[in-house]
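Colleague: So that you have it, the file is my_file-v4.pdb, and it contains PDB, C-alpha atoms:
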ATOM      1  CA  MET A   1     143.236 -98.023  74.909
ATOM      2  CA  GLU A   2     140.034 -99.952  74.514
ATOM      3  CA  ASN A   3     141.065-102.314  77.310
ATOM      4  CA  ALA A   4     141.820 -99.387  79.617
ATOM      5  CA  GLY A   5     138.419 -97.813  78.881
ATOM      6  CA  GLY A   6     136.626-101.112  79.595
ATOM      7  CA  ALA A   7     138.418-101.524  82.936
ATOM      8  CA  ALA A   8     137.517 -97.987  84.010
ATOM      9  CA  LEU A   9     133.893 -98.567  83.108
ATOM     10  CA  ALA A  10     133.847-101.764  85.129
ATOM     11  CA  ILE A  11     135.295 -99.973  88.142
ATOM     12  CA  VAL A  12     132.646 -97.262  87.884
ATOM     13  CA  LEU A  13     129.914 -99.853  87.676
ATOM     14  CA  VAL A  14     131.245-101.633  90.761
ATOM     15  CA  VAL A  15     131.416 -98.357  92.655
ATOM     16  CA  LEU A  16     127.857 -97.526  91.640
ATOM     17  CA  ILE A  17     126.620-100.934  92.753
ATOM     18  CA  VAL A  18     128.364-100.590  96.148
ATOM     19  CA  PHE A  19     126.932 -97.082  96.539
ATOM     20  CA  VAL A  20     123.405 -98.290  95.777
ATOM     21  CA  ILE A  21     123.763-101.114  98.289
ATOM     22  CA  ILE A  22     124.954 -98.673 100.961
ATOM     23  CA  VAL A  23     122.076 -96.313 100.214
ATOM     24  CA  LEU A  24     119.547 -99.125 100.431
ATOM     25  CA  VAL A  25     121.009-100.353 103.692
ATOM     26  CA  ARG A  26     120.859 -96.893 105.212
ATOM     27  CA  ALA A  27     117.439 -96.095 103.794
ATOM     28  CA  VAL A  28     115.530 -99.279 104.675
ATOM     29  CA  ARG A  29     115.183-100.010 108.384
ATOM     30  CA  ILE A  30     113.105-102.607 110.263
ATOM     31  CA  ILE A  31     112.011-101.761 113.809
ATOM     32  CA  PRO A  32     111.364-104.880 116.008
ATOM     33  CA  GLN A  33     108.290-105.283 118.187
ATOM     34  CA  ALA A  34     108.344-103.472 121.573
ATOM     35  CA  ARG A  35     111.082-101.185 120.303
ATOM     36  CA  ALA A  36     111.018 -97.547 119.237
ATOM     37  CA  GLY A  37     113.435 -95.429 117.253
ATOM     38  CA  VAL A  38     114.008 -91.680 117.185
ATOM     39  CA  VAL A  39     114.912 -90.167 113.794
ATOM     40  CA  GLU A  40     116.901 -86.960 113.480
ATOM     41  CA  ARG A  41     116.978 -85.053 110.190
ATOM     42  CA  LEU A  42     119.992 -82.842 109.827
ATOM     43  CA  GLY A  43     120.533 -83.047 113.610
ATOM     44  CA  LYS A  44     116.953 -82.133 114.570
ATOM     45  CA  TYR A  45     114.209 -84.412 115.891
ATOM     46  CA  GLN A  46     112.054 -85.482 112.994
ATOM     47  CA  ARG A  47     109.814 -88.405 114.141
ATOM     48  CA  THR A  48     109.549 -91.552 116.244
ATOM     49  CA  LEU A  49     109.579 -94.867 114.401
ATOM     50  CA  ASN A  50     107.096 -97.575 115.429
ATOM     51  CA  PRO A  51     107.661-101.327 114.901
ATOM     52  CA  GLY A  52     107.709-102.310 111.233
ATOM     53  CA  LEU A  53     109.415-101.355 107.957
ATOM     54  CA  THR A  54     110.395 -97.734 107.401
ATOM     55  CA  ILE A  55     112.336 -95.739 104.788
ATOM     56  CA  LEU A  56     114.904 -93.093 105.682
ATOM     57  CA  ILE A  57     116.652 -90.540 103.557
ATOM     58  CA  PRO A  58     120.275 -91.621 103.400
ATOM     59  CA  PHE A  59     122.882 -89.194 104.677
ATOM     60  CA  VAL A  60     120.078 -86.863 105.830
ATOM     61  CA  ASP A  61     118.155 -88.888 108.414
ATOM     62  CA  ARG A  62     119.925 -90.517 111.315
ATOM     63  CA  LEU A  63     118.351 -93.231 113.442
ATOM     64  CA  LEU A  64     119.325 -93.117 117.116
ATOM     65  CA  PRO A  65     119.765 -96.321 119.169
ATOM     66  CA  LEU A  66     116.483 -98.139 119.648
ATOM     67  CA  LEU A  67     114.653 -97.845 122.955
ATOM     68  CA  ASP A  68     113.088-100.833 124.761
ATOM     69  CA  LEU A  69     109.393-100.190 125.487
ATOM     70  CA  ARG A  70     108.955-103.238 127.715
ATOM     71  CA  GLU A  71     108.746-102.953 131.485
ATOM     72  CA  GLN A  72     112.234-103.119 132.902
ATOM     73  CA  VAL A  73     113.495-104.278 136.264
ATOM     74  CA  VAL A  74     116.531-102.657 137.829
ATOM     75  CA  SER A  75     117.989-103.840 141.122
ATOM     76  CA  PHE A  76     120.074-101.190 142.835
ATOM     77  CA  PRO A  77     122.889-102.033 145.240
ATOM     78  CA  PRO A  78     122.229-101.688 148.992
ATOM     79  CA  GLN A  79     122.173 -98.104 150.202
ATOM     80  CA  PRO A  80     123.007 -96.998 153.773
ATOM     81  CA  VAL A  81     120.101 -95.085 155.301
ATOM     82  CA  ILE A  82     119.940 -93.415 158.727
ATOM     83  CA  THR A  83     116.676 -93.906 160.610
ATOM     84  CA  GLU A  84     115.027 -91.462 162.986
ATOM     85  CA  ASP A  85     116.655 -93.156 166.003
ATOM     86  CA  ASN A  86     120.138 -92.695 164.450
ATOM     87  CA  LEU A  87     120.662 -96.283 163.306
ATOM     88  CA  VAL A  88     122.269 -97.069 159.968
ATOM     89  CA  VAL A  89     120.399 -99.703 157.973
ATOM     90  CA  SER A  90     121.249-101.097 154.568
ATOM     91  CA  ILE A  91     118.287-101.149 152.153
ATOM     92  CA  ASP A  92     118.272-102.978 148.840
ATOM     93  CA  THR A  93     115.635-101.742 146.355
ATOM     94  CA  VAL A  94     114.126-102.967 143.090
ATOM     95  CA  VAL A  95     112.407-100.567 140.658
ATOM     96  CA  TYR A  96     109.984-101.587 137.889
ATOM     97  CA  PHE A  97     109.626 -98.914 135.177
ATOM     98  CA  GLN A  98     108.646 -98.543 131.533
ATOM     99  CA  VAL A  99     109.473 -96.044 128.782
ATOM    100  CA  THR A 100     106.231 -94.433 127.613
ATOM    101  CA  ASP A 101     107.609 -91.513 125.562
ATOM    102  CA  PRO A 102     110.766 -92.322 123.535
ATOM    103  CA  ARG A 103     111.277 -88.667 122.562
ATOM    104  CA  ALA A 104     111.261 -87.451 126.195
ATOM    105  CA  ALA A 105     113.415 -90.386 127.334
ATOM    106  CA  THR A 106     115.948 -89.387 124.666
ATOM    107  CA  TYR A 107     116.045 -85.601 125.002
ATOM    108  CA  GLU A 108     114.829 -84.851 128.556
ATOM    109  CA  ILE A 109     117.363 -86.986 130.440
ATOM    110  CA  ALA A 110     120.847 -88.157 129.532
ATOM    111  CA  ASN A 111     120.754 -91.529 131.356
ATOM    112  CA  TYR A 112     117.337 -92.332 132.752
ATOM    113  CA  ILE A 113     118.447 -95.546 134.508
ATOM    114  CA  GLN A 114     121.105 -93.709 136.499
ATOM    115  CA  ALA A 115     118.616 -90.912 137.171
ATOM    116  CA  VAL A 116     116.057 -93.376 138.545
ATOM    117  CA  GLU A 117     118.705 -94.955 140.766
ATOM    118  CA  GLN A 118     119.818 -91.653 142.256
ATOM    119  CA  LEU A 119     116.254 -90.444 142.707
ATOM    120  CA  THR A 120     115.340 -93.709 144.424
ATOM    121  CA  THR A 121     118.276 -93.372 146.820
ATOM    122  CA  THR A 122     117.493 -89.804 147.827
ATOM    123  CA  THR A 123     113.754 -90.445 148.176
ATOM    124  CA  LEU A 124     114.398 -93.559 150.210
ATOM    125  CA  ARG A 125     116.602 -91.646 152.638
ATOM    126  CA  ASN A 126     113.955 -88.980 153.042
ATOM    127  CA  VAL A 127     111.191 -91.507 153.716
ATOM    128  CA  VAL A 128     113.118 -93.836 156.033
ATOM    129  CA  GLY A 129     114.749 -90.900 157.817
ATOM    130  CA  GLY A 130     111.363 -90.086 159.379
ATOM    131  CA  LEU A 131     110.861 -93.612 160.741
ATOM    132  CA  ASN A 132     112.498 -95.472 163.581
ATOM    133  CA  LEU A 133     113.983 -98.927 163.111
ATOM    134  CA  GLU A 134     110.890-100.860 164.165
ATOM    135  CA  GLU A 135     108.643 -98.792 161.897
ATOM    136  CA  ALA A 136     111.052 -99.197 158.992
ATOM    137  CA  LEU A 137     111.058-102.985 159.412
ATOM    138  CA  THR A 138     107.277-103.268 159.673
ATOM    139  CA  SER A 139     106.151-100.580 157.196
ATOM    140  CA  ARG A 140     107.436-101.873 153.870
ATOM    141  CA  ASP A 141     104.145-101.357 152.064
ATOM    142  CA  GLN A 142     103.976 -97.758 153.269
ATOM    143  CA  ILE A 143     107.568 -97.087 152.174
ATOM    144  CA  ASN A 144     106.936 -98.726 148.790
ATOM    145  CA  GLY A 145     103.860 -96.582 148.209
ATOM    146  CA  GLN A 146     105.660 -93.333 149.069
ATOM    147  CA  LEU A 147     108.638 -94.200 146.886
ATOM    148  CA  ARG A 148     106.443 -95.084 143.937
ATOM    149  CA  GLY A 149     104.451 -91.845 144.226
ATOM    150  CA  VAL A 150     107.562 -89.645 144.341
ATOM    151  CA  LEU A 151     109.371 -91.512 141.550
ATOM    152  CA  ASP A 152     106.369 -91.619 139.254
ATOM    153  CA  GLU A 153     105.800 -87.900 139.647
ATOM    154  CA  ALA A 154     109.446 -87.015 139.061
ATOM    155  CA  THR A 155     110.038 -89.357 136.120
ATOM    156  CA  GLY A 156     106.816 -88.465 134.303
ATOM    157  CA  ARG A 157     108.473 -85.605 132.389
ATOM    158  CA  TRP A 158     111.265 -87.981 131.376
ATOM    159  CA  GLY A 159     108.805 -90.200 129.509
ATOM    160  CA  ILE A 160     109.123 -92.965 132.129
ATOM    161  CA  ARG A 161     106.382 -94.557 134.231
ATOM    162  CA  VAL A 162     107.416 -96.211 137.508
ATOM    163  CA  SER A 163     104.984 -99.064 138.153
ATOM    164  CA  ARG A 164     106.392-100.630 141.312
ATOM    165  CA  VAL A 165     109.098-100.109 143.902
ATOM    166  CA  GLU A 166     110.014-102.983 146.218
ATOM    167  CA  LEU A 167     112.395-103.221 149.154
ATOM    168  CA  LYS A 168     114.310-106.473 148.794
ATOM    169  CA  ALA A 169     115.983-106.322 152.176
ATOM    170  CA  ILE A 170     116.386-104.068 155.182
ATOM    171  CA  ASP A 171     119.500-105.081 157.093
ATOM    172  CA  PRO A 172     120.141-103.412 160.467
ATOM    173  CA  PRO A 173     123.625-103.490 162.053
ATOM    174  CA  HIS A 174     124.857-106.823 163.412
ATOM    175  CA  SER A 175     124.733-105.602 166.993
ATOM    176  CA  ILE A 176     121.101-104.605 166.554
ATOM    177  CA  GLN A 177     120.368-107.948 164.927
ATOM    178  CA  ASP A 178     121.867-109.778 167.914
ATOM    179  CA  SER A 179     119.818-107.665 170.319
ATOM    180  CA  MET A 180     116.661-108.270 168.322
ATOM    181  CA  GLU A 181     117.303-112.020 168.250
ATOM    182  CA  LYS A 182     117.823-112.059 172.020
ATOM    183  CA  GLN A 183     114.653-110.046 172.515
ATOM    184  CA  MET A 184     112.659-112.358 170.289
ATOM    185  CA  ARG A 185     114.128-115.403 172.020
ATOM    186  CA  ALA A 186     113.187-113.983 175.421
ATOM    187  CA  GLU A 187     109.699-113.174 174.156
ATOM    188  CA  ARG A 188     109.267-116.723 172.856
ATOM    189  CA  ASP A 189     110.507-118.161 176.156
ATOM    190  CA  ARG A 190     108.082-115.916 178.046
ATOM    191  CA  ARG A 191     105.174-116.996 175.894
ATOM    192  CA  ALA A 192     106.175-120.638 176.282
ATOM    193  CA  ALA A 193     106.333-120.250 180.083
ATOM    194  CA  ILE A 194     102.937-118.544 180.116
ATOM    195  CA  LEU A 195     101.403-121.281 177.983
ATOM    196  CA  THR A 196     102.955-123.966 180.201
ATOM    197  CA  ALA A 197     101.645-122.277 183.351
ATOM    198  CA  GLU A 198      98.196-121.886 181.832
ATOM    199  CA  GLY A 199      98.222-125.528 180.811
ATOM    200  CA  THR A 200      99.244-126.634 184.317
ATOM    201  CA  LYS A 201      96.558-124.400 185.811
ATOM    202  CA  GLN A 202      93.874-125.760 183.522
ATOM    203  CA  SER A 203      95.029-129.303 184.224
ATOM    204  CA  ALA A 204      94.843-128.726 188.002
ATOM    205  CA  ILE A 205      91.425-127.107 187.674
ATOM    206  CA  LEU A 206      90.116-129.961 185.565
ATOM    207  CA  THR A 207      91.613-132.537 187.947
ATOM    208  CA  ALA A 208      90.056-130.855 190.991
ATOM    209  CA  GLU A 209      86.749-130.530 189.170
ATOM    210  CA  GLY A 210      86.886-134.198 188.243
ATOM    211  CA  GLN A 211      87.670-135.218 191.820
ATOM    212  CA  ARG A 212      84.844-133.017 193.111
ATOM    213  CA  GLN A 213      82.404-134.486 190.647
ATOM    214  CA  ALA A 214      83.610-137.987 191.534
ATOM    215  CA  SER A 215      83.154-137.296 195.259
ATOM    216  CA  ILE A 216      79.694-135.849 194.647
ATOM    217  CA  LEU A 217      78.705-138.829 192.552
ATOM    218  CA  ALA A 218      80.150-141.259 195.126
ATOM    219  CA  ALA A 219      78.277-139.487 197.951
ATOM    220  CA  GLU A 220      75.089-139.491 195.918
ATOM    221  CA  GLY A 221      75.597-143.184 195.199
ATOM    222  CA  ASP A 222      76.163-143.987 198.884
ATOM    223  CA  ALA A 223      73.102-141.939 199.837
ATOM    224  CA  LYS A 224      70.952-143.686 197.256
ATOM    225  CA  ALA A 225      72.339-147.078 198.343
ATOM    226  CA  ALA A 226      71.584-146.312 202.005
ATOM    227  CA  ILE A 227      68.095-145.150 201.064
ATOM    228  CA  LEU A 228      67.530-148.307 199.045
ATOM    229  CA  ARG A 229      68.823-150.479 201.901
ATOM    230  CA  ALA A 230      66.610-148.668 204.400
ATOM    231  CA  ASP A 231      63.642-149.020 202.053
ATOM    232  CA  GLY A 232      64.413-152.709 201.658
ATOM    233  CA  GLU A 233      64.674-153.272 205.411
ATOM    234  CA  ALA A 234      61.499-151.278 205.977
ATOM    235  CA  GLN A 235      59.684-153.311 203.360
ATOM    236  CA  ALA A 236      61.046-156.544 204.886
ATOM    237  CA  ILE A 237      59.909-155.511 208.375
ATOM    238  CA  GLN A 238      56.559-154.469 206.981
ATOM    239  CA  LYS A 239      56.160-157.811 205.223
ATOM    240  CA  VAL A 240      57.127-159.731 208.410
ATOM    241  CA  PHE A 241      54.768-157.577 210.428
ATOM    242  CA  ASP A 242      51.953-158.162 207.939
ATOM    243  CA  ALA A 243      52.668-161.883 207.857
ATOM    244  CA  ILE A 244      52.607-162.130 211.646
ATOM    245  CA  HIS A 245      49.340-160.263 211.880
ATOM    246  CA  LYS A 246      47.817-162.283 209.062
ATOM    247  CA  GLY A 247      48.861-165.521 210.846
ATOM    248  CA  ASN A 248      47.251-164.343 214.127
ATOM    249  CA  PRO A 249      49.812-166.070 216.453
ATOM    250  CA  ASP A 250      48.706-166.988 219.964
ATOM    251  CA  GLN A 251      50.558-166.569 223.234
ATOM    252  CA  LYS A 252      52.047-170.049 223.134
ATOM    253  CA  LEU A 253      53.766-169.522 219.745
ATOM    254  CA  LEU A 254      55.185-166.156 220.780
ATOM    255  CA  ALA A 255      56.545-167.596 224.024
ATOM    256  CA  TYR A 256      58.165-170.478 222.163
ATOM    257  CA  GLN A 257      59.805-168.174 219.616
ATOM    258  CA  TYR A 258      61.041-165.942 222.416
ATOM    259  CA  LEU A 259      62.764-168.838 224.134
ATOM    260  CA  GLN A 260      64.382-169.954 220.849
ATOM    261  CA  THR A 261      65.816-166.455 220.337
ATOM    262  CA  LEU A 262      67.452-166.236 223.779
ATOM    263  CA  PRO A 263      70.470-168.530 223.011
ATOM    264  CA  LYS A 264      71.317-166.492 219.883
ATOM    265  CA  LEU A 265      71.767-163.410 222.034
ATOM    266  CA  ALA A 266      74.739-165.074 223.713
ATOM    267  CA  GLU A 267      76.567-165.889 220.482
ATOM    268  CA  GLY A 268      79.734-163.961 219.692
ATOM    269  CA  SER A 269      83.290-163.820 221.061
ATOM    270  CA  SER A 270      82.734-160.510 222.835
ATOM    271  CA  ASN A 271      79.858-161.669 225.044
ATOM    272  CA  LYS A 272      81.283-162.237 228.585
ATOM    273  CA  LEU A 273      78.181-161.563 230.685
ATOM    274  CA  TRP A 274      74.561-162.080 229.786
ATOM    275  CA  ILE A 275      71.569-161.197 231.974
ATOM    276  CA  ILE A 276      68.411-163.280 231.752
ATOM    277  CA  PRO A 277      65.411-161.038 231.202
ATOM    278  CA  SER A 278      62.560-161.192 233.680
ATOM    279  CA  GLU A 279      60.179-162.146 230.894
ATOM    280  CA  VAL A 280      61.680-165.669 230.768
ATOM    281  CA  GLY A 281      59.479-166.803 233.637
ATOM    282  CA  GLU A 282      56.357-165.587 231.928
ATOM    283  CA  ALA A 283      57.439-167.341 228.765
ATOM    284  CA  LEU A 284      58.000-170.629 230.623
ATOM    285  CA  LYS A 285      54.680-170.292 232.316
ATOM    286  CA  GLY A 286      53.010-169.826 228.972
ATOM    287  CA  ILE A 287      54.735-172.918 227.574
ATOM    288  CA  GLY A 288      53.771-174.981 230.611
ATOM    289  CA  ASN A 289      50.164-173.980 230.358
ATOM    290  CA  ALA A 290      50.218-174.794 226.693
ATOM    291  CA  LEU A 291      51.698-178.261 227.176
ATOM    292  CA  GLY A 292      49.551-179.600 230.028
ATOM    293  CA  GLY A 293      48.052-176.839 232.004
ATOM    294  CA  THR A 294      50.584-177.514 234.841
ATOM    295  CA  ASN A 295      53.331-175.392 236.295
ATOM    296  CA  PRO A 296      56.590-175.634 234.420
ATOM    297  CA  ASP A 297      59.378-177.726 235.805
ATOM    298  CA  PRO A 298      61.896-175.504 237.542
ATOM    299  CA  GLY A 299      64.627-177.981 236.663
ATOM    300  CA  ALA A 300      63.883-177.621 233.001
ATOM    301  CA  ALA A 301      64.155-173.871 233.299
ATOM    302  CA  GLY A 302      67.384-174.269 235.211
ATOM    303  CA  GLY A 303      68.772-176.512 232.496
ATOM    304  CA  LEU A 304      67.866-173.895 229.926
ATOM    305  CA  PHE A 305      69.577-171.184 231.965
ATOM    306  CA  ASP A 306      72.659-173.380 232.311
ATOM    307  CA  GLU A 307      72.808-173.900 228.540
ATOM    308  CA  VAL A 308      72.533-170.199 227.864
ATOM    309  CA  GLY A 309      75.058-169.337 230.576
ATOM    310  CA  ALA A 310      77.524-171.828 229.184
ATOM    311  CA  LYS A 311      77.288-170.290 225.724
ATOM    312  CA  SER A 312      77.731-166.815 227.133
ATOM    313  CA  SER A 313      80.853-167.768 229.075
ATOM    314  CA  GLU A 314      82.676-169.146 226.046
ATOM    315  CA  PRO A 315      85.596-166.987 224.928
TER     316      PRO A 315
END
Could you take the file, read its structure, and then write that structure out as structure tokens?

Modeller:
Amino acid sequence: MENAGGAALAIVLVVLIVFVIIVLVRAVRIIPQARAGVVERLGKYQRTLNPGLTILIPFVDRLLPLLDLREQVVSFPPQPVITEDNLVVSIDTVVYFQVTDPRAATYEIANYIQAVEQLTTTTLRNVVGGLNLEEALTSRDQINGQLRGVLDEATGRWGIRVSRVELKAIDPPHSIQDSMEKQMRAERDRRAAILTAEGTKQSAILTAEGQRQASILAAEGDAKAAILRADGEAQAIQKVFDAIHKGNPDQKLLAYQYLQTLPKLAEGSSNKLWIIPSEVGEALKGIGNALGGTNPDPGAAGGLFDEVGAKSSEP
């Protein structure tokens, strides 16, 4: 009997120890950082638990699944959207949101992630439905701003704050993509042709301008060279003229120089006929008077004429 009583007491003690452990486990809870817990007491909202150690009443308080208070990123699958010009485009969206009120996120909406997805889809169709394809492709910032405003206003009573909405991709139909690629290729070819034509035009203009400047400079150089040559010849003639006048030549020297110049007039392959000037006789007379005061020998003059005539008749 004593052994049976001891065994029963041991069983009771074990049961009490297990019960105490269970009570402690259910009463003591630790909430991690950036998490929040909603406590219900007898099925009614009692309080929201912040990060740290907390004590619950076992079998009276019930802790609901913890909520993540960090900003969350949800990428929704591509959604078909009809634009204003009746084209179906596939738009892939990303929503950044954060739970700000755990109580509202728990009791105001059953599944806030699914609610945000559906609200994003409907709002996106309303916004893009008023734009044509070109506007939808080039107005991402405008679409993002409108989506964020509508979502933030609608999800505010759910205890959720939508911080950003981004469009990952806007994919038009393949036929439209091919047409757009052809259009862009044609536009690039047109711009390339225009740039090539402008380059050729500028090159021709610069070449013509260079040739004109070169011609002007060459003409100016020739004109300056001719002026310099004329100035040089004028200065040479002036110097010869001054030298002659300074030397005060007499009639005899001039006559002698005149006769020495006559044979040079007949030089050249093109001279076939040469006429003796009438001044030759006066020159001979002056030489004769200078040599002896007598009349010049006609034979000497004839010999001179023969010499000059022979030079003039050479081919």

Colleague: Hey, what's within 12 Å of A:Leu137 if we count all atoms listed in the file and toss same-chain stuff fewer than 5 positions away? As an NGL selection string, please?

Modeller: :A and (83 or 89-91 or 128 or 131-132 or 142-143 or 167-172 or 177 or 180)

Colleague: For each of A:Thr100, A:Thr93, A:Thr196, A:Thr106, take the minimum atom-to-atom distance to A:Leu64, counting all atoms listed in the file, then give the residue where this is smallest.

Modeller: A:Thr106

Colleague: Residues within 8 Å of stretch 29-33 of chain A, please, as a list in words. Count only C-alpha atoms; anything in the same chain fewer than 4 positions from it doesn't count.

Modeller: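 The contact residues come out as Val25, Gly37, Leu49, Asn50, Pro51, Gly52, Leu53, Thr54, Ile55 and Leu56 of chain A.
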
Colleague: In Å, how far is it from atom CA of A:Ser75 to atom CA of A:Glu166?

Modeller: 9.5 Å

Colleague: In Å, with one decimal, what is the gap from atom CA of A:Ala104 to atom CA of A:Ile57?

Modeller: 23.5 Å

Colleague: Do you know which residues the PyMOL selection byres ((chain A and resi 13-24) around 12) returns on this file, as a VMD selection string?

Modeller: chain A and resid 6 to 12 25 to 29 54 to 61

Colleague: Got a sec: who's within 9 Å of A:Thr48, counting all atoms listed in the file, leaving out chain neighbours fewer than 4 positions off, as a VMD selection string?

Modeller: chain A and resid 36 to 39 102 to 103

Colleague: Just give me the gap between atom CA of A:Asp152 and atom CA of A:Phe97 in Å, one decimal is fine.

Modeller: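 According to the coordinates, atom CA of A:Asp152 and atom CA of A:Phe97 are separated by 9.0 Å.
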
Colleague: Restricting the calculation to all atoms listed in the file, which member of A:Lys182, A:Arg140, A:Arg62, A:Lys246 is positioned closest to A:Val165?

Modeller: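 Distance minimum relative to A:Val165 lands on A:Arg140.
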
Colleague: How would stretch 27-43 of chain A look written as an mmCIF file, in the first residue's frame with C-alpha atoms?

Modeller:
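Output file part_7.cif is given in full below:
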data_model
loop_
_atom_site.group_PDB
_atom_site.id
_atom_site.type_symbol
_atom_site.label_atom_id
_atom_site.label_comp_id
_atom_site.auth_asym_id
_atom_site.auth_seq_id
_atom_site.Cartn_x
_atom_site.Cartn_y
_atom_site.Cartn_z
ATOM 1 C CA ALA A 27 2.742 32.914 -20.317
ATOM 2 C CA VAL A 28 6.238 34.150 -21.217
ATOM 3 C CA ARG A 29 6.669 35.401 -24.774
ATOM 4 C CA ILE A 30 9.556 37.238 -26.472
ATOM 5 C CA ILE A 31 8.716 39.520 -29.401
ATOM 6 C CA PRO A 32 11.657 40.005 -31.870
ATOM 7 C CA GLN A 33 12.711 43.391 -33.205
ATOM 8 C CA ALA A 34 10.638 44.806 -36.111
ATOM 9 C CA ARG A 35 7.796 42.466 -35.218
ATOM 10 C CA ALA A 36 4.454 43.105 -33.546
ATOM 11 C CA GLY A 37 1.936 40.806 -31.921
ATOM 12 C CA VAL A 38 -1.794 41.184 -31.344
ATOM 13 C CA VAL A 39 -3.162 39.708 -28.095
ATOM 14 C CA GLU A 40 -6.758 38.573 -27.750
ATOM 15 C CA ARG A 41 -8.274 37.986 -24.311
ATOM 16 C CA LEU A 42 -11.212 35.647 -24.365
ATOM 17 C CA GLY A 43 -11.544 36.233 -28.132
#
